[in-house]
Amino acid sequence: MTDIDKSFPGVRALAKARFELLPGEVHALMGENGAGKSTLMKILSGVYTRDAGTVLLNGQPVDITSPRQAQDLGVGIIHQELALMRDLTAAQNIFIGREPRRFGILDERQLNRDAAAIFASMNLKLEPTVRVETLTIAKQQMVEIAKALSYRSRVLIMDEPTAALNDAEIAELFAIINRLKAEGVGIVYISHKMDEIKRISDRVTIMRDGEYVGTVPGADTPIETIISMMVGRTLSNDTLVIPNTADAPIALEVKNLNRGREIRDVSFSVRKGEILGFAGLMGAGRTEVARAIFGADRRESGEIWVHGQRVGISSPKDAVEAGIGYLSEDRKHFGLATGLDVRNNIALASLQRFTGPAGVLDEAGMQKEAVGYIRQLAIKTPSDTQEARLLSGGNQQKVVIAKWLLRDCDILIFDEPTRGIDVGAKSEIYKLLNALAAEGKAIIVISSELPEVLRLSHRIAVMCEGRLTGILPGGASQEEIMRLATLRQSSVVESATQRKTA
Amino acid sequence: MTDTAAPAAKSGPRISGAFHRLLAFSGLIALVVAFSLASPNFLQTQNILAILQATSVNGVLAIAATLVIITGGIDLSVGTLMTFCAVVAGVILTYWGLPLPLGILGAILAGTASGFVSGTIIAKLKVPPFIATLGMMLILKGLSLVISGTKPIYFNDTPGFNQIALGSAVGSVFPAVPLPNGVLVLFAVAVVAAFVLSKTALGRYTFALGSNEEAVRLSGVNIDRWKIAVYAVTGAICGVAGLLIASRLNSAQPALGQGYELDAIAAVVIGGTSLSGGRGTVVGTLIGALIISVLANGLRILSVPQEWQTVVTGTIIILAVYADILRRRAL
Amino acid sequence: MTDTAAPAAKSGPRISGAFHRLLAFSGLIALVVAFSLASPNFLQTQNILAILQATSVNGVLAIAATLVIITGGIDLSVGTLMTFCAVVAGVILTYWGLPLPLGILGAILAGTASGFVSGTIIAKLKVPPFIATLGMMLILKGLSLVISGTKPIYFNDTPGFNQIALGSAVGSVFPAVPLPNGVLVLFAVAVVAAFVLSKTALGRYTFALGSNEEAVRLSGVNIDRWKIAVYAVTGAICGVAGLLIASRLNSAQPALGQGYELDAIAAVVIGGTSLSGGRGTVVGTLIGALIISVLANGLRILSVPQEWQTVVTGTIIILAVYADILRRRAL
Amino acid sequence: QENYDIALISKGFQHQFWQAVKAGADKAAAEFGVTVTFEGPETETQVDRQMDMLAAALSRKPDAIGFAALDSQAASPLLQQAKDANIPVIAFDSGVDSDIPLTTVTTDNVAAAALAADKMAELIGGEGKVAVVAHDQTSRTGIDRVDGFVNRIKEAYPKIEVVSVQYGGGDQLQSTEITKSILLANPDLKGIFGANEGSAIGVVNGKTELNSNIIVIGFDSGAAQKGFIESGAMAGAITQNPVGIGYETVKAAIGALKGETLPKIIDSGFNWYDKTNMNDPAIAAVLYD
Ligand SMILES: Nc1ncnc2c1ncn2[C@@H]1O[C@H](COP(=O)(O)OP(=O)(O)OP(=O)(O)O)[C@@H](O)[C@H]1O
Ligand SMILES: Nc1ncnc2c1ncn2[C@@H]1O[C@H](COP(=O)(O)OP(=O)(O)OP(=O)(O)O)[C@@H](O)[C@H]1O
Ligand SMILES: [Mg+2]
Ligand SMILES: [Mg+2]
């Protein structure tokens, strides 16, 4: 792909962008949020048509105008934003458009068998007949991957496939990538996780502001070089400082929280000025705990105490009024009001503050705050009145974060806060969380990225199968966390004693 | 949920699934029980046949509407399209004097063609389904009047015609159960539609489109083609409804039909199909249509004054759907 | 629009924005031009006033419907609620003989209360808006007949009443432009609704709910309260429509109203508001309502036979919306 | 005297004409000590809905049925069912094309509308343009009244031209808008015939809104039309005798149940009424509010 241009109303997404992929190569595409990575790959896969430039496939110029044509040419893609049919089953999603038939009638058993075979090849435990809607984001992501694999493409584009995945799944994905590589498939790999790039990529192409910056070999280029190519400067790498919060008053205390099989007798507390990390494998129930505290889902039993007072929370409104904010892991469905503009999304949780007499809104005030956060979080958007759905994935995530920052809660629960966020912005957000903690806020960070948990948390809570299996001090070893994260029910007694000592 | 593990865990949901599916009828059953207690005339063979007969046309229309509603669309033209198809049959059989099978074919083809046009306007011109089918509703309403010469067309010269709805193939075998053919047609349409929805590619894309159209497109499926196909099938089913109503009235009434779309859509939604698409069942729609006709019939049997009939109907429709929501929540 | 960015970048989109907003009227303008050329009687002051007057009731109803449609809901009860409010005014003014302001207040309160009930059923019982308002539509239809005693209530004892729609405050100042008050009421409602939508918290939540209700809930907003508020406001506006129609007919006609919801929703959708919620404008709705009445008026002025009127109307509605889609795509 | 249960299935329910029929039926019910129910579909196009009503009425096993057919052919299987169940059927309003009804209580709509044409001709001086605003393009009464009026004008008054016939569904507001368009399109129009109550009221509304002074002839009565005639906004109207129709229908049904022989047709008649004769007892008796 050479000299690719693409503009959207008010945005120049790509300007003379360039990309080259060899068979059997894993070629990482890097860049800040909004650099144009997804747009470039959507052009390659026929979702968008380019304004200018040429695309060569096997040396032949091609004009890819539809996803169908891309498929026929052997180009497959895993989209950054999940593109699943939520009402259909996993198997039906994977084979949409290519259903096995017998005498013109769908052969559902064959379909499920084929899907099960793909899952097996991915070491994925998933029932083909489960409705996608009921799956967690991570499982949905695995279904997307399975779907892309099923096309047996010669070129496979993976746009942040691991953003929602845990280490185990990532390892599985990398095994798959290595297998495909051996079969001669060319893979475009987009990710903001620097360690992955080092582990998997043969070459790295870096983009900035829609332009080509350069291509470097993956293994022997220092990460710092890549980052500085991405952001145009070098980042400082600050280390974890654990403040002494032992005497600080308890901000949030959760006692004996229960809900079905997902949450079993979870109790913990967070002090003012403390960051409590939540680690665990996919499906451990961390999101469930957060949602139950926040009143997003009903809980069966359990008490929630805020600043030493027991609070009755039966809806998110109660929680917010009690000073609790919750950033959902699923920004598309639970975070962003996609039709509203950036400004209103940022103000959404704090609209009351901008409501004057007679219900009239203070637009100027909203704009001021919104512009402030756009600057602080470096949200790439033409203006604060851009519709939120038109932002790149990472920038959408920043908008949702801004919403909760503006709301100024005493207790913040961040579920996968840096999903899809580039390295530069990530370190900004870490700084921000530290600053918020220093201000005396109590913060819970749920993350599937262990390094993130380790870097941020003053204490680390670990969950497994709906149970809190232990709370470790900050800076604990990865091995210790993994041990608790895989602690099955039989050994819970042990963890209970551990919890007391923690 | 994804555990393929213990069979015990599996059978649990299954039993309760069947039980809950039975409960779906609960609104309908409650109505039937209530009316039976209130009037001895309600649960008589003749009256049950009358209710089924009264359900047949709306039931078929509602099944037609179910398909497009599952795609996340809507079809406001089902009522006037039904009439248009009836008129086409009238023109073929009475004005042109052609044989019965051609009339049947003509009505169904007219429905298919009209659905094809609606579907094309929606898929190709990207006109929202509400507007496209609203336009078609008006166009078809006018055309029915035009081609019929604004008067009813009678089928007196086609003696077999009224057998489509009124004859009783069942009754000729079991005289005790003179089930009208119209009801058989309804069930046949229901079975075919349910089969199409669950077993064919068309059905799969119907759900997929309603679930996430963009995702289907990104999967390389020619969504335009399938969308048009769904509207065409809906049109064909409206053609069947046209034959049913014409047969029942032994005439094609060109002015009838507007307003019928609301009853059809109501049956679909009462039956649990979501207007936002992606989910729905033919059985649900049938139940919805039955609830509407049982209510109408029962209140008449009880001689409830007409102005109160509408009040009660409105209230019970809300309650029936609310009961269904409670049931699902308990699920 | 509110770019704080470079002034150069600002003026660009602004000009084209204004230009495109003008183009939004293009369907309407094209119709007006076409009818003016076809008939010398079309572009006469009196006929224009007649068109505006004819738009007033449907326009107000359509504005009412716009609000709930932006939340992603729907209100099928707007037509019969309008009638119900008219009947309430009739009961207060004629049966009880109370003074005019109480009648006006009563109608608007009745509308608000009914909207409150619909909203509560939708928000608290989670009954889909289609069903809740379908039920309310039937309930209100029946209640109108019941409380009026199934006969029209005349306002002969309240002489000022017909001035609400028919008098001309403008005409008494500028005799050359006898703009009926009904049209002023329509514009007043439009201005207030546009203000509420764009400047107030209620308006913001209206859009937010339609955009992603779950995200709004998870932002700690009491979505039930706001949803109920939107339906209540919609009901209040229906109350205004009830006063308008009653004033125009100098009577509350209890049987009228059903079917009006379709025209109202059509105006909303023709005006570019999406039935899936999250976007819409009052100006668009006004244009939609005007397109409908210009079409009806123009075709009648041209004495097009009625059966062809519906055909032409259907076609032009589709074309007008298609033209609007092309315009947006070019944007 | 037995407490007979008589089911009346009419062509409509909410319109004042049908409410007057109902009033007459209720009056007879009270007088003879029988029970009467009264139902009709929403609009006069909903033939199948009327069938459902008739079917439900049959299930109720009433002693007798009164039936105003929207389409008499369509009803024949159900009428046969009534006959088989020995339920006497009385037709009312317009006739039923069948020998099952024992009698028909009816008005000749064609002749009634022709009388309206005569009056129109007389009032506009025998020449000029007139128009018709009717309720329904396909229902029996709609067709009969439009045909009756238009044909009479054509046959008897060559100098009068019917320039427009439009249908407003009997909806007052829609009829108002239609009238205004007709008036604006034909500034030299002399008169409009409103073919039922809703249409006639709409015509007067439209005329008043445009300050026109054309001649309006209405059909049916009701408080509004009576008021318009008193105020001069409407020249006069044709009235059927709906109260009488309802009354006679119930009376005939009772007669049939008692085994009396009934005449084939019971003509309930029609009258022209205007300011001059409105208060005559004979006319006042057939008008309703
Ligand atoms: N449909 C669209 N309309 C308008 N602007 C768009 C559209 N799609 C993308 N953009 C803009 O184009 C730019 C590039 O977006 P793109 O999604 O390619 O970024 P990205 O590199 O994938 O970022 P991320 O890492 O956040 O996913 C962004 O500024 C984005 O706001
Ligand atoms: N919508 C749902 N319906 C039914 N079960 C669900 C749903 N969402 C999650 N679960 C189940 O709840 C449990 C925990 O959920 P979840 O995977 O979100 O936990 P988590 O610790 O937050 O993991 P993740 O790493 O995915 O965020 C799992 O057993 C999962 O299968
Ligand atoms: Mg991206
Ligand atoms: Mg989670």
# chains A, B, ... in the order shown; residues from 1 in each chain; ligands from 1
>>> residues_around(residues="Val311 of chain C", least_positions_apart="5", cutoff="6 Å", atoms="only C-alpha atoms", output="number ranges by chain")
B: 138-139, 142
>>> residues_near_ligand(ligand="ligand 3", cutoff="8 Å", atoms="only C-alpha atoms and all ligand atoms", output="number ranges by chain")
A: 33-34, 36-39, 80, 159-160, 392-394, 420
>>> residues_near_ligand(ligand="ligand 4", cutoff="10 Å", atoms="only C-alpha atoms and all ligand atoms", output="MDAnalysis selection string")
chainID A and resid 136:138 164:165 278:291 328:330 415:416 446:448
>>> write_last_selection(atoms="N, CA and C atoms", output="JSON list (two decimals), in the first residue's frame")
[["chain", "number", "residue", "atom", "x", "y", "z"],
["A", 136, "THR", "N", -18.76, -12.68, 27.74],
["A", 136, "THR", "CA", -18.00, -11.50, 28.15],
["A", 136, "THR", "C", -17.23, -10.97, 26.94],
["A", 137, "ILE", "N", -16.79, -9.74, 27.07],
["A", 137, "ILE", "CA", -16.03, -9.12, 25.99],
["A", 137, "ILE", "C", -14.87, -10.01, 25.53],
["A", 138, "ALA", "N", -14.19, -10.60, 26.49],
["A", 138, "ALA", "CA", -13.03, -11.40, 26.14],
["A", 138, "ALA", "C", -13.43, -12.61, 25.29],
["A", 164, "ALA", "N", -8.72, -7.03, 24.92],
["A", 164, "ALA", "CA", -9.64, -7.54, 25.95],
["A", 164, "ALA", "C", -9.18, -8.88, 26.52],
["A", 165, "LEU", "N", -8.01, -9.31, 26.15],
["A", 165, "LEU", "CA", -7.60, -10.67, 26.52],
["A", 165, "LEU", "C", -6.67, -10.70, 27.71],
["A", 278, "PHE", "N", -7.28, -5.12, 40.97],
["A", 278, "PHE", "CA", -7.98, -6.40, 40.94],
["A", 278, "PHE", "C", -7.39, -7.23, 39.82],
["A", 279, "ALA", "N", -6.84, -8.38, 40.18],
["A", 279, "ALA", "CA", -6.31, -9.27, 39.15],
["A", 279, "ALA", "C", -7.12, -10.56, 39.14],
["A", 280, "GLY", "N", -7.00, -11.27, 38.06],
["A", 280, "GLY", "CA", -7.73, -12.53, 37.97],
["A", 280, "GLY", "C", -7.81, -12.95, 36.52],
["A", 281, "LEU", "N", -8.11, -14.19, 36.28],
["A", 281, "LEU", "CA", -8.25, -14.65, 34.91],
["A", 281, "LEU", "C", -9.59, -14.21, 34.35],
["A", 282, "MET", "N", -9.72, -14.35, 33.05],
["A", 282, "MET", "CA", -10.98, -14.03, 32.43],
["A", 282, "MET", "C", -12.10, -14.82, 33.09],
["A", 283, "GLY", "N", -13.18, -14.15, 33.43],
["A", 283, "GLY", "CA", -14.31, -14.83, 34.03],
["A", 283, "GLY", "C", -14.17, -15.01, 35.53],
["A", 284, "ALA", "N", -13.19, -14.35, 36.11],
["A", 284, "ALA", "CA", -13.00, -14.50, 37.55],
["A", 284, "ALA", "C", -14.11, -13.82, 38.33],
["A", 285, "GLY", "N", -14.79, -12.86, 37.71],
["A", 285, "GLY", "CA", -15.91, -12.22, 38.36],
["A", 285, "GLY", "C", -15.60, -10.81, 38.85],
["A", 286, "ARG", "N", -14.50, -10.24, 38.38],
["A", 286, "ARG", "CA", -14.13, -8.91, 38.85],
["A", 286, "ARG", "C", -15.13, -7.86, 38.36],
["A", 287, "THR", "N", -15.48, -7.96, 37.07],
["A", 287, "THR", "CA", -16.45, -7.04, 36.52],
["A", 287, "THR", "C", -17.77, -7.16, 37.27],
["A", 288, "GLU", "N", -18.12, -8.39, 37.58],
["A", 288, "GLU", "CA", -19.38, -8.65, 38.28],
["A", 288, "GLU", "C", -19.40, -7.95, 39.63],
["A", 289, "VAL", "N", -18.26, -8.05, 40.34],
["A", 289, "VAL", "CA", -18.17, -7.39, 41.65],
["A", 289, "VAL", "C", -18.35, -5.89, 41.48],
["A", 290, "ALA", "N", -17.64, -5.34, 40.51],
["A", 290, "ALA", "CA", -17.71, -3.90, 40.31],
["A", 290, "ALA", "C", -19.14, -3.48, 40.00],
["A", 291, "ARG", "N", -19.78, -4.21, 39.10],
["A", 291, "ARG", "CA", -21.16, -3.84, 38.72],
["A", 291, "ARG", "C", -22.12, -3.97, 39.89],
["A", 328, "SER", "N", -16.94, 1.33, 32.79],
["A", 328, "SER", "CA", -17.20, -0.03, 32.34],
["A", 328, "SER", "C", -16.12, -0.52, 31.40],
["A", 329, "GLU", "N", -15.97, -1.84, 31.37],
["A", 329, "GLU", "CA", -14.98, -2.42, 30.46],
["A", 329, "GLU", "C", -15.49, -2.41, 29.02],
["A", 330, "ASP", "N", -16.79, -2.25, 28.83],
["A", 330, "ASP", "CA", -17.38, -2.33, 27.50],
["A", 330, "ASP", "C", -17.86, -0.93, 27.09],
["A", 415, "ASP", "N", -12.67, -0.24, 35.29],
["A", 415, "ASP", "CA", -12.62, -1.59, 34.75],
["A", 415, "ASP", "C", -11.91, -1.53, 33.41],
["A", 416, "GLU", "N", -10.75, -2.09, 33.33],
["A", 416, "GLU", "CA", -9.92, -2.06, 32.12],
["A", 416, "GLU", "C", -9.81, -0.64, 31.57],
["A", 446, "ILE", "N", -9.40, -2.53, 37.84],
["A", 446, "ILE", "CA", -9.50, -3.92, 37.37],
["A", 446, "ILE", "C", -8.74, -3.97, 36.06],
["A", 447, "SER", "N", -7.82, -4.87, 35.95],
["A", 447, "SER", "CA", -7.09, -4.93, 34.70],
["A", 447, "SER", "C", -6.66, -6.35, 34.41],
["A", 448, "SER", "N", -6.70, -6.68, 33.12],
["A", 448, "SER", "CA", -6.23, -8.01, 32.73],
["A", 448, "SER", "C", -4.74, -7.98, 32.42]]
>>> residues_around(residues="segment 70-87 of chain D", least_positions_apart="4", cutoff="9 Å", atoms="only C-alpha atoms", output="PyMOL selection string")
(chain B and resi 152+154+166+248-251) or (chain D and resi 10-11+44-48+50-51+54-55+58+61-65+94-98+100-101+139-140+257)
>>> atom_distance(atom1="atom CA of Gly103 of chain B", atom2="atom CA of Val185 of chain B")
16.5 Å
>>> calpha_fit_rmsd(fixed="chain B", moving="chain C")
1.2 Å
>>> residues_near_ligand(ligand="ligand 1", cutoff="9 Å", atoms="only C-alpha atoms and all ligand atoms", output="PyMOL selection string")
chain A and resi 6-14+29-42+48+80-81+159-160+190-192+207-210+380-382+386-397+420-422
>>> interface_residues(of="chain B", to="chain D", cutoff="6 Å", atoms="only C-alpha atoms", output="ChimeraX atom specification")
/B:41,47,54,151,249-250,255-256,297,301
>>> write_last_selection(atoms="C-alpha atoms", output="PDB file, in the first residue's frame")
ATOM      1  CA  ASN B  41     -71.077 -19.659  25.235  1.00  0.00           C
ATOM      2  CA  ASN B  47     -67.115 -20.027  18.957  1.00  0.00           C
ATOM      3  CA  ALA B  54     -61.064 -14.334  13.008  1.00  0.00           C
ATOM      4  CA  LYS B 151     -65.812  -1.114  -6.228  1.00  0.00           C
ATOM      5  CA  LEU B 249     -65.713 -12.125   1.933  1.00  0.00           C
ATOM      6  CA  ASN B 250     -66.162 -13.771  -1.461  1.00  0.00           C
ATOM      7  CA  ALA B 255     -60.962   0.123   0.438  1.00  0.00           C
ATOM      8  CA  LEU B 256     -60.188  -2.230   3.244  1.00  0.00           C
ATOM      9  CA  ASN B 297     -64.474 -12.174  20.780  1.00  0.00           C
ATOM     10  CA  ILE B 301     -69.708 -12.541  23.906  1.00  0.00           C
TER      11      ILE B 301
END
>>> residues_around(residues="segment 112-122 of chain D", least_positions_apart="3", cutoff="6 Å", atoms="only C-alpha atoms", output="list in words")
Asn109, Gly125, Gly126, Arg145, Gly148, Phe149 and Arg152 of chain D
>>> write_last_selection(atoms="all heavy atoms", output="PDB file, in the first residue's frame")
ATOM      1  N   ASN D 109     -81.236   5.666  -0.164  1.00  0.00           N
ATOM      2  CA  ASN D 109     -80.204   6.697  -0.161  1.00  0.00           C
ATOM      3  C   ASN D 109     -80.078   7.404  -1.496  1.00  0.00           C
ATOM      4  O   ASN D 109     -79.778   8.592  -1.550  1.00  0.00           O
ATOM      5  CB  ASN D 109     -78.855   6.083   0.231  1.00  0.00           C
ATOM      6  CG  ASN D 109     -78.689   6.021   1.737  1.00  0.00           C
ATOM      7  OD1 ASN D 109     -78.718   7.056   2.390  1.00  0.00           O
ATOM      8  ND2 ASN D 109     -78.546   4.831   2.272  1.00  0.00           N
ATOM      9  N   GLY D 125     -80.078  28.480  -8.197  1.00  0.00           N
ATOM     10  CA  GLY D 125     -80.691  29.093  -9.380  1.00  0.00           C
ATOM     11  C   GLY D 125     -80.470  28.316 -10.654  1.00  0.00           C
ATOM     12  O   GLY D 125     -80.430  28.897 -11.738  1.00  0.00           O
ATOM     13  N   GLY D 126     -80.276  27.026 -10.550  1.00  0.00           N
ATOM     14  CA  GLY D 126     -80.284  26.174 -11.727  1.00  0.00           C
ATOM     15  C   GLY D 126     -79.018  26.177 -12.558  1.00  0.00           C
ATOM     16  O   GLY D 126     -78.940  25.498 -13.568  1.00  0.00           O
ATOM     17  N   ARG D 145     -75.185   7.818  -2.181  1.00  0.00           N
ATOM     18  CA  ARG D 145     -75.455   9.247  -2.059  1.00  0.00           C
ATOM     19  C   ARG D 145     -74.724  10.046  -3.130  1.00  0.00           C
ATOM     20  O   ARG D 145     -75.270  10.987  -3.688  1.00  0.00           O
ATOM     21  CB  ARG D 145     -75.078   9.724  -0.661  1.00  0.00           C
ATOM     22  CG  ARG D 145     -76.043   9.170   0.386  1.00  0.00           C
ATOM     23  CD  ARG D 145     -75.677   9.583   1.782  1.00  0.00           C
ATOM     24  NE  ARG D 145     -76.329   8.688   2.739  1.00  0.00           N
ATOM     25  CZ  ARG D 145     -76.045   8.657   4.028  1.00  0.00           C
ATOM     26  NH1 ARG D 145     -75.124   9.464   4.516  1.00  0.00           N
ATOM     27  NH2 ARG D 145     -76.680   7.818   4.822  1.00  0.00           N
ATOM     28  N   GLY D 148     -76.515   9.201  -6.375  1.00  0.00           N
ATOM     29  CA  GLY D 148     -77.844   9.812  -6.379  1.00  0.00           C
ATOM     30  C   GLY D 148     -77.753  11.295  -6.693  1.00  0.00           C
ATOM     31  O   GLY D 148     -78.512  11.827  -7.528  1.00  0.00           O
ATOM     32  N   PHE D 149     -76.811  11.963  -6.080  1.00  0.00           N
ATOM     33  CA  PHE D 149     -76.669  13.402  -6.275  1.00  0.00           C
ATOM     34  C   PHE D 149     -76.145  13.708  -7.682  1.00  0.00           C
ATOM     35  O   PHE D 149     -76.743  14.466  -8.440  1.00  0.00           O
ATOM     36  CB  PHE D 149     -75.713  13.967  -5.217  1.00  0.00           C
ATOM     37  CG  PHE D 149     -75.588  15.456  -5.238  1.00  0.00           C
ATOM     38  CD1 PHE D 149     -76.449  16.251  -4.485  1.00  0.00           C
ATOM     39  CD2 PHE D 149     -74.618  16.094  -6.005  1.00  0.00           C
ATOM     40  CE1 PHE D 149     -76.345  17.637  -4.500  1.00  0.00           C
ATOM     41  CE2 PHE D 149     -74.506  17.476  -6.029  1.00  0.00           C
ATOM     42  CZ  PHE D 149     -75.377  18.253  -5.269  1.00  0.00           C
ATOM     43  N   ARG D 152     -78.502  12.745 -10.611  1.00  0.00           N
ATOM     44  CA  ARG D 152     -79.679  13.617 -10.697  1.00  0.00           C
ATOM     45  C   ARG D 152     -79.290  14.945 -11.348  1.00  0.00           C
ATOM     46  O   ARG D 152     -80.002  15.470 -12.193  1.00  0.00           O
ATOM     47  CB  ARG D 152     -80.219  13.857  -9.276  1.00  0.00           C
ATOM     48  CG  ARG D 152     -81.428  14.747  -9.201  1.00  0.00           C
ATOM     49  CD  ARG D 152     -82.648  14.044  -9.724  1.00  0.00           C
ATOM     50  NE  ARG D 152     -83.794  14.939  -9.752  1.00  0.00           N
ATOM     51  CZ  ARG D 152     -84.917  14.691 -10.404  1.00  0.00           C
ATOM     52  NH1 ARG D 152     -85.041  13.548 -11.085  1.00  0.00           N
ATOM     53  NH2 ARG D 152     -85.908  15.538 -10.387  1.00  0.00           N
TER      54      ARG D 152
END
>>> residues_around(residues="Ser181 of chain D", least_positions_apart="4", cutoff="12 Å", atoms="only C-alpha atoms", output="VMD selection string")
(chain C and resid 39 41 to 42 44 46 to 51 53 to 54 293 to 304) or (chain D and resid 131 133 164 to 166 174 to 177 185 to 187 189 203 206 to 207 209 to 210)
>>> select_by_dssp(residues="segment 42-115 of chain B", states="helix (DSSP H, G or I)", output="PyMOL selection string")
chain B and resi 45-70+78-95+100-115
>>> select_by_dssp(residues="segment 64-300 of chain C", states="strand (DSSP E or B)", output="list in words")
Ile153, Tyr154, Thr200, Ser251 and Ala252 of chain C
>>> write_last_selection(atoms="all heavy atoms", output="compact mmCIF listing (two decimals), in the first residue's frame")
# COMPACT_ATOMS: atom_id res chain seq x y z
N ILE C 153 -69.18 17.18 22.09
CA ILE C 153 -69.49 18.23 23.06
C ILE C 153 -69.20 19.56 22.37
O ILE C 153 -68.09 19.78 21.88
CB ILE C 153 -68.61 18.10 24.32
CG1 ILE C 153 -68.72 16.68 24.88
CG2 ILE C 153 -69.03 19.12 25.36
CD1 ILE C 153 -67.83 16.46 26.09
N TYR C 154 -70.20 20.42 22.32
CA TYR C 154 -70.03 21.70 21.63
C TYR C 154 -69.64 22.79 22.60
O TYR C 154 -69.96 22.72 23.78
CB TYR C 154 -71.31 22.06 20.89
CG TYR C 154 -71.57 21.08 19.78
CD1 TYR C 154 -72.39 19.97 19.97
CD2 TYR C 154 -70.95 21.24 18.55
CE1 TYR C 154 -72.58 19.03 18.96
CE2 TYR C 154 -71.14 20.32 17.54
CZ TYR C 154 -71.96 19.22 17.74
OH TYR C 154 -72.13 18.31 16.75
N THR C 200 -31.99 22.47 27.40
CA THR C 200 -32.25 22.07 28.78
C THR C 200 -31.76 20.65 29.06
O THR C 200 -31.47 19.87 28.14
CB THR C 200 -33.76 22.10 29.09
OG1 THR C 200 -34.38 21.05 28.36
CG2 THR C 200 -34.38 23.43 28.72
N SER C 251 -65.93 21.90 18.78
CA SER C 251 -66.54 20.77 19.47
C SER C 251 -65.48 19.73 19.75
O SER C 251 -64.45 19.69 19.08
CB SER C 251 -67.64 20.14 18.60
OG SER C 251 -67.09 19.71 17.38
N ALA C 252 -65.72 18.94 20.76
CA ALA C 252 -64.85 17.81 21.03
C ALA C 252 -65.50 16.59 20.39
O ALA C 252 -66.60 16.19 20.80
CB ALA C 252 -64.69 17.61 22.53
>>> residues_around(residues="Leu456 of chain A", least_positions_apart="5", cutoff="10 Å", atoms="only C-alpha atoms", output="count of residues only")
16
>>> residues_around(residues="Thr239 of chain D", least_positions_apart="4", cutoff="7 Å", atoms="only C-alpha atoms", output="JSON, numbers by chain")
{"D": [219, 220, 221, 270, 271, 272]}
>>> write_last_selection(atoms="C-alpha atoms", output="mmCIF file, in the first residue's frame")
data_model
loop_
_atom_site.group_PDB
_atom_site.id
_atom_site.type_symbol
_atom_site.label_atom_id
_atom_site.label_comp_id
_atom_site.auth_asym_id
_atom_site.auth_seq_id
_atom_site.Cartn_x
_atom_site.Cartn_y
_atom_site.Cartn_z
ATOM 1 C CA PHE D 219 -77.112 15.002 5.262
ATOM 2 C CA ASP D 220 -78.274 13.516 8.548
ATOM 3 C CA SER D 221 -78.784 15.688 11.608
ATOM 4 C CA PHE D 270 -86.275 10.591 4.518
ATOM 5 C CA ASN D 271 -87.035 14.297 4.724
ATOM 6 C CA TRP D 272 -85.688 17.607 3.632
#
>>> closest_residue(among="A:Met229, A:Leu88, A:Val55, A:Cys464", to="ligand 2", atoms="only C-alpha atoms and all ligand atoms")
A:Cys464
